Amino acid sequence: MKTQRIIDAHVHIGRSLNFDMKETDVLEAMKKYNIEKVLVSNSESAEADHEQKLLPQELQISQVKSLEKSIKFANENSGKVYVAPWFKPKTEKISDELINLIQKNLDVIKAVKFHPYHSALDFDDCLMEPYLDLAEQFNLPVITHTGTGENDCPEKVYNMAKKFPKVNFIMAHMGLGSDNVIATELIAILPNLFGDTAWVPMESTINFINKIGSQKLFFGTDLPIDGIDTYHHNPRGERSLYQDYFEKLPDLIAQEDYENLMWKNALNFFNLD
């Protein structure tokens, strides 16, 4: 990997479903691959399994407990780790305890996170709206998983971005499993729509920058979904697509665009220290 500043705006912790994303793995990967800062969300807030069936109550972890774990991790790694609370709009409501927890920890909470697929809930469902009001209240951007399903498609994020023009929305993955064209086209329309590069091929990122510019895209990876070496290879030893971002992309776009993508956008947008 070539040496450069890197902020990863899409990182996870937590043990949920078949994922076991350890805080120690995040820290080890940051050290090994020279990652300056990360924005984490706790996957233990998942409400539904991979078949979109709600998890039984004994396996549900409250969004408050999930957030407390993330805040503790951030406070133990000040200046390196920041938090995007992963909310549970299908099975929970906003409590005073949650509001107070956010208000007291805005020094480390820099966004909020949703996963429509693992909430088994359309992103433009009315159950989302109180949480988007909360994001607007605290001036926090909204990061949401996007894929190709009915509940997590980019079009549903676009609908909410039009409805909440004062809230900034980030389409994580820009339509996971797609060619990323629809997400790119929608992001180009609205000023409060953005994207991230988690599992997005380098070619799609170049197309995005050529169409929109480099100011509306953030480097993100889903670290440590494939372990400490998510940036380099998967558990089967296959090369990670993120190697293209480290080794090839600097020679294919302008230096200013590359710096915007890899760290400057995140530093300013999320108001990191």
# chains A, B, ... in the order shown; residues from 1 in each chain; ligands from 1
$ residues_around --residues "region 13-20 of chain A" --least-positions-apart "3" --cutoff "8 Å" --atoms "only C-alpha atoms" --output "list of chain:residue names"
A:Glu23, A:Val26, A:Val40, A:Ser41, A:Asn42, A:Ser43, A:Glu44, A:Ala46, A:Asp49, A:His50, A:Ser70, A:Pro224, A:Ile225
$ closest_atom_pairs --of "region 61-154 of chain A" --to "region 163-185 of chain A" --cutoff "6 Å" --atoms "only C-alpha atoms" --output "tab-separated table"
residue	atom	partner	partner_atom	distance
A:Glu136	CA	A:Val167	CA	5.6
A:Pro141	CA	A:Asn168	CA	4.8
A:Val142	CA	A:Phe169	CA	4.8
A:Ile143	CA	A:Ile170	CA	4.7
A:Thr144	CA	A:Met171	CA	5.6
A:His145	CA	A:Ala172	CA	4.9
A:Thr146	CA	A:Gly175	CA	4.8
A:Gly147	CA	A:Gly175	CA	4.0
A:Thr148	CA	A:Gly175	CA	5.8
A:Pro154	CA	A:Ala183	CA	5.6
$ residues_around --residues "Asn260 (chain A)" --least-positions-apart "2" --cutoff "10 Å" --atoms "only C-alpha atoms" --output "mmCIF file with C-alpha atoms, in the first residue's frame"
data_model
loop_
_atom_site.group_PDB
_atom_site.id
_atom_site.type_symbol
_atom_site.label_atom_id
_atom_site.label_comp_id
_atom_site.auth_asym_id
_atom_site.auth_seq_id
_atom_site.Cartn_x
_atom_site.Cartn_y
_atom_site.Cartn_z
ATOM 1 C CA GLY A 213 -16.897 15.277 -8.703
ATOM 2 C CA SER A 214 -15.070 13.996 -5.636
ATOM 3 C CA GLN A 215 -16.822 16.001 -2.908
ATOM 4 C CA LYS A 216 -19.801 13.675 -2.341
ATOM 5 C CA LEU A 217 -18.070 10.342 -1.806
ATOM 6 C CA PHE A 218 -16.411 8.776 1.240
ATOM 7 C CA PHE A 219 -13.971 5.895 1.489
ATOM 8 C CA ALA A 254 -6.289 13.946 -9.729
ATOM 9 C CA GLN A 255 -4.467 14.135 -6.407
ATOM 10 C CA GLU A 256 -7.067 16.557 -5.036
ATOM 11 C CA ASP A 257 -9.870 14.135 -5.894
ATOM 12 C CA TYR A 258 -7.993 11.266 -4.314
ATOM 13 C CA MET A 262 -9.722 9.037 1.080
ATOM 14 C CA TRP A 263 -9.804 11.508 3.989
ATOM 15 C CA LYS A 264 -10.633 15.164 3.415
ATOM 16 C CA ASN A 265 -14.358 14.732 2.800
ATOM 17 C CA ALA A 266 -14.811 12.626 5.925
ATOM 18 C CA LEU A 267 -12.685 14.911 8.094
ATOM 19 C CA ASN A 268 -14.780 17.951 7.239
#
$ residues_around --residues "Lys156 (chain A)" --least-positions-apart "4" --cutoff "10 Å" --atoms "only C-alpha atoms" --output "list of chain:residue names"
A:Asp122, A:Phe123, A:Asp124, A:Asp125, A:Thr146, A:Glu150, A:Asn151, A:Asp152, A:Met160, A:Ala161
$ write_last_selection --atoms "N, CA and C atoms" --output "tab-separated table (two decimals), in the first residue's frame"
chain	number	residue	atom	x	y	z
A	122	ASP	N	-38.77	-0.96	4.97
A	122	ASP	CA	-38.49	-0.04	3.88
A	122	ASP	C	-37.89	1.25	4.44
A	123	PHE	N	-36.86	1.75	3.76
A	123	PHE	CA	-36.23	2.96	4.28
A	123	PHE	C	-37.16	4.16	4.25
A	124	ASP	N	-38.13	4.15	3.35
A	124	ASP	CA	-39.07	5.29	3.31
A	124	ASP	C	-40.36	5.01	4.07
A	125	ASP	N	-40.33	4.01	4.96
A	125	ASP	CA	-41.47	3.73	5.83
A	125	ASP	C	-41.64	4.84	6.86
A	146	THR	N	-27.48	0.39	1.45
A	146	THR	CA	-28.30	0.29	0.26
A	146	THR	C	-27.90	-0.95	-0.53
A	150	GLU	N	-36.18	-4.48	-2.21
A	150	GLU	CA	-37.27	-3.52	-2.18
A	150	GLU	C	-37.13	-2.52	-1.05
A	151	ASN	N	-36.59	-2.95	0.10
A	151	ASN	CA	-36.57	-2.04	1.25
A	151	ASN	C	-35.29	-1.22	1.36
A	152	ASP	N	-34.22	-1.63	0.65
A	152	ASP	CA	-32.95	-0.91	0.82
A	152	ASP	C	-32.43	-0.30	-0.48
A	160	MET	N	-36.59	9.75	0.87
A	160	MET	CA	-36.45	10.37	2.19
A	160	MET	C	-35.57	11.61	2.14
A	161	ALA	N	-34.58	11.61	1.28
A	161	ALA	CA	-33.73	12.79	1.15
A	161	ALA	C	-34.53	13.98	0.62
$ select_by_dssp --residues "region 64-142 of chain A" --states "strand (DSSP E or B)" --output "count of residues only"
9
$ residues_around --residues "Leu121 (chain A)" --least-positions-apart "6" --cutoff "12 Å" --atoms "only C-alpha atoms" --output "VMD selection string"
chain A and resid 46 to 48 52 to 54 88 to 91 114 to 115 127 to 128 145 149 to 153 156
$ residues_around --residues "Leu252 (chain A)" --least-positions-apart "4" --cutoff "12 Å" --atoms "only C-alpha atoms" --output "VMD selection string"
chain A and resid 202 to 203 205 to 207 209 to 210 244 to 248 256 to 258
$ residues_around --residues "Lys65 (chain A)" --least-positions-apart "2" --cutoff "10 Å" --atoms "only C-alpha atoms" --output "list of chain:residue names"
A:Asn42, A:Glu44, A:Ser45, A:Ile61, A:Ser62, A:Gln63, A:Leu67, A:Glu68, A:Lys69, A:Ser70, A:Ile71, A:Leu98
$ atom_distance --atom1 "CA of Leu55 (chain A)" --atom2 "CA of Lys110 (chain A)"
27.8 Å
$ atom_distance --atom1 "CA of Asn34 (chain A)" --atom2 "CA of Ile7 (chain A)"
9.5 Å
$ select_by_dssp --residues "region 8-229 of chain A" --states "helix (DSSP H, G or I)" --output "ChimeraX atom specification"
/A:23-32,43-45,57-59,63-76,96-104,117-119,126-137,154-163,181-189,202-212
$ atom_distance --atom1 "CA of Val112 (chain A)" --atom2 "CA of Val83 (chain A)"
8.0 Å
$ closest_residue --among "A:Glu36, A:Asp133, A:Glu155, A:Glu58" --to "Gly79 (chain A)" --atoms "only C-alpha atoms"
A:Glu36
$ decode --residues "region 56-88 of chain A" --atoms "N, CA and C atoms" --output "compact mmCIF listing (two decimals), in the first residue's frame"
# COMPACT_ATOMS: atom_id res chain seq x y z
N PRO A 56 -35.45 -13.41 17.54
CA PRO A 56 -36.23 -13.59 18.78
C PRO A 56 -35.78 -12.60 19.84
N GLN A 57 -36.67 -12.29 20.76
CA GLN A 57 -36.42 -11.26 21.75
C GLN A 57 -35.14 -11.50 22.52
N GLU A 58 -34.84 -12.76 22.81
CA GLU A 58 -33.64 -13.05 23.62
C GLU A 58 -32.34 -12.75 22.86
N LEU A 59 -32.44 -12.58 21.55
CA LEU A 59 -31.25 -12.24 20.76
C LEU A 59 -31.21 -10.76 20.37
N GLN A 60 -32.26 -10.02 20.70
CA GLN A 60 -32.28 -8.59 20.42
C GLN A 60 -31.46 -7.84 21.47
N ILE A 61 -30.63 -6.95 21.02
CA ILE A 61 -29.85 -6.07 21.90
C ILE A 61 -30.36 -4.65 21.69
N SER A 62 -30.68 -3.97 22.76
CA SER A 62 -31.29 -2.64 22.63
C SER A 62 -30.34 -1.66 21.97
N GLN A 63 -30.92 -0.67 21.30
CA GLN A 63 -30.09 0.32 20.64
C GLN A 63 -29.30 1.15 21.64
N VAL A 64 -29.80 1.29 22.86
CA VAL A 64 -29.04 1.99 23.90
C VAL A 64 -27.80 1.20 24.29
N LYS A 65 -27.96 -0.09 24.54
CA LYS A 65 -26.81 -0.92 24.92
C LYS A 65 -25.80 -1.00 23.78
N SER A 66 -26.30 -1.11 22.57
CA SER A 66 -25.43 -1.13 21.40
C SER A 66 -24.62 0.16 21.31
N LEU A 67 -25.29 1.28 21.51
CA LEU A 67 -24.61 2.57 21.43
C LEU A 67 -23.62 2.74 22.58
N GLU A 68 -23.97 2.31 23.77
CA GLU A 68 -23.05 2.42 24.91
C GLU A 68 -21.74 1.70 24.63
N LYS A 69 -21.83 0.53 24.00
CA LYS A 69 -20.62 -0.22 23.65
C LYS A 69 -19.77 0.55 22.65
N SER A 70 -20.40 1.16 21.67
CA SER A 70 -19.67 1.94 20.66
C SER A 70 -19.00 3.16 21.29
N ILE A 71 -19.72 3.84 22.17
CA ILE A 71 -19.17 5.02 22.83
C ILE A 71 -17.96 4.65 23.68
N LYS A 72 -18.05 3.56 24.39
CA LYS A 72 -16.93 3.10 25.21
C LYS A 72 -15.69 2.85 24.34
N PHE A 73 -15.90 2.21 23.21
CA PHE A 73 -14.80 1.94 22.28
C PHE A 73 -14.19 3.25 21.79
N ALA A 74 -15.03 4.22 21.45
CA ALA A 74 -14.52 5.50 20.97
C ALA A 74 -13.76 6.25 22.07
N ASN A 75 -14.30 6.25 23.27
CA ASN A 75 -13.63 6.97 24.36
C ASN A 75 -12.30 6.34 24.73
N GLU A 76 -12.19 5.05 24.55
CA GLU A 76 -10.92 4.36 24.83
C GLU A 76 -9.89 4.60 23.73
N ASN A 77 -10.35 5.13 22.60
CA ASN A 77 -9.45 5.37 21.47
C ASN A 77 -9.71 6.77 20.90
N SER A 78 -9.58 7.74 21.79
CA SER A 78 -9.91 9.13 21.47
C SER A 78 -9.11 9.64 20.27
N GLY A 79 -9.84 10.30 19.37
CA GLY A 79 -9.20 10.87 18.19
C GLY A 79 -9.01 9.90 17.05
N LYS A 80 -9.28 8.62 17.29
CA LYS A 80 -9.14 7.60 16.26
C LYS A 80 -10.48 6.96 15.89
N VAL A 81 -11.33 6.76 16.89
CA VAL A 81 -12.59 6.06 16.69
C VAL A 81 -13.75 6.99 16.98
N TYR A 82 -14.71 7.04 16.05
CA TYR A 82 -15.93 7.83 16.20
C TYR A 82 -17.13 6.91 15.96
N VAL A 83 -18.32 7.41 16.24
CA VAL A 83 -19.49 6.53 16.33
C VAL A 83 -20.63 7.01 15.44
N ALA A 84 -21.28 6.03 14.80
CA ALA A 84 -22.58 6.24 14.15
C ALA A 84 -23.55 5.25 14.79
N PRO A 85 -24.39 5.67 15.72
CA PRO A 85 -25.33 4.75 16.36
C PRO A 85 -26.19 4.03 15.34
N TRP A 86 -26.27 2.71 15.46
CA TRP A 86 -27.11 1.89 14.59
C TRP A 86 -28.47 1.76 15.27
N PHE A 87 -29.51 2.33 14.64
CA PHE A 87 -30.83 2.38 15.25
C PHE A 87 -31.71 1.21 14.83
N LYS A 88 -32.79 1.00 15.62
CA LYS A 88 -33.70 -0.13 15.44
C LYS A 88 -35.14 0.37 15.26
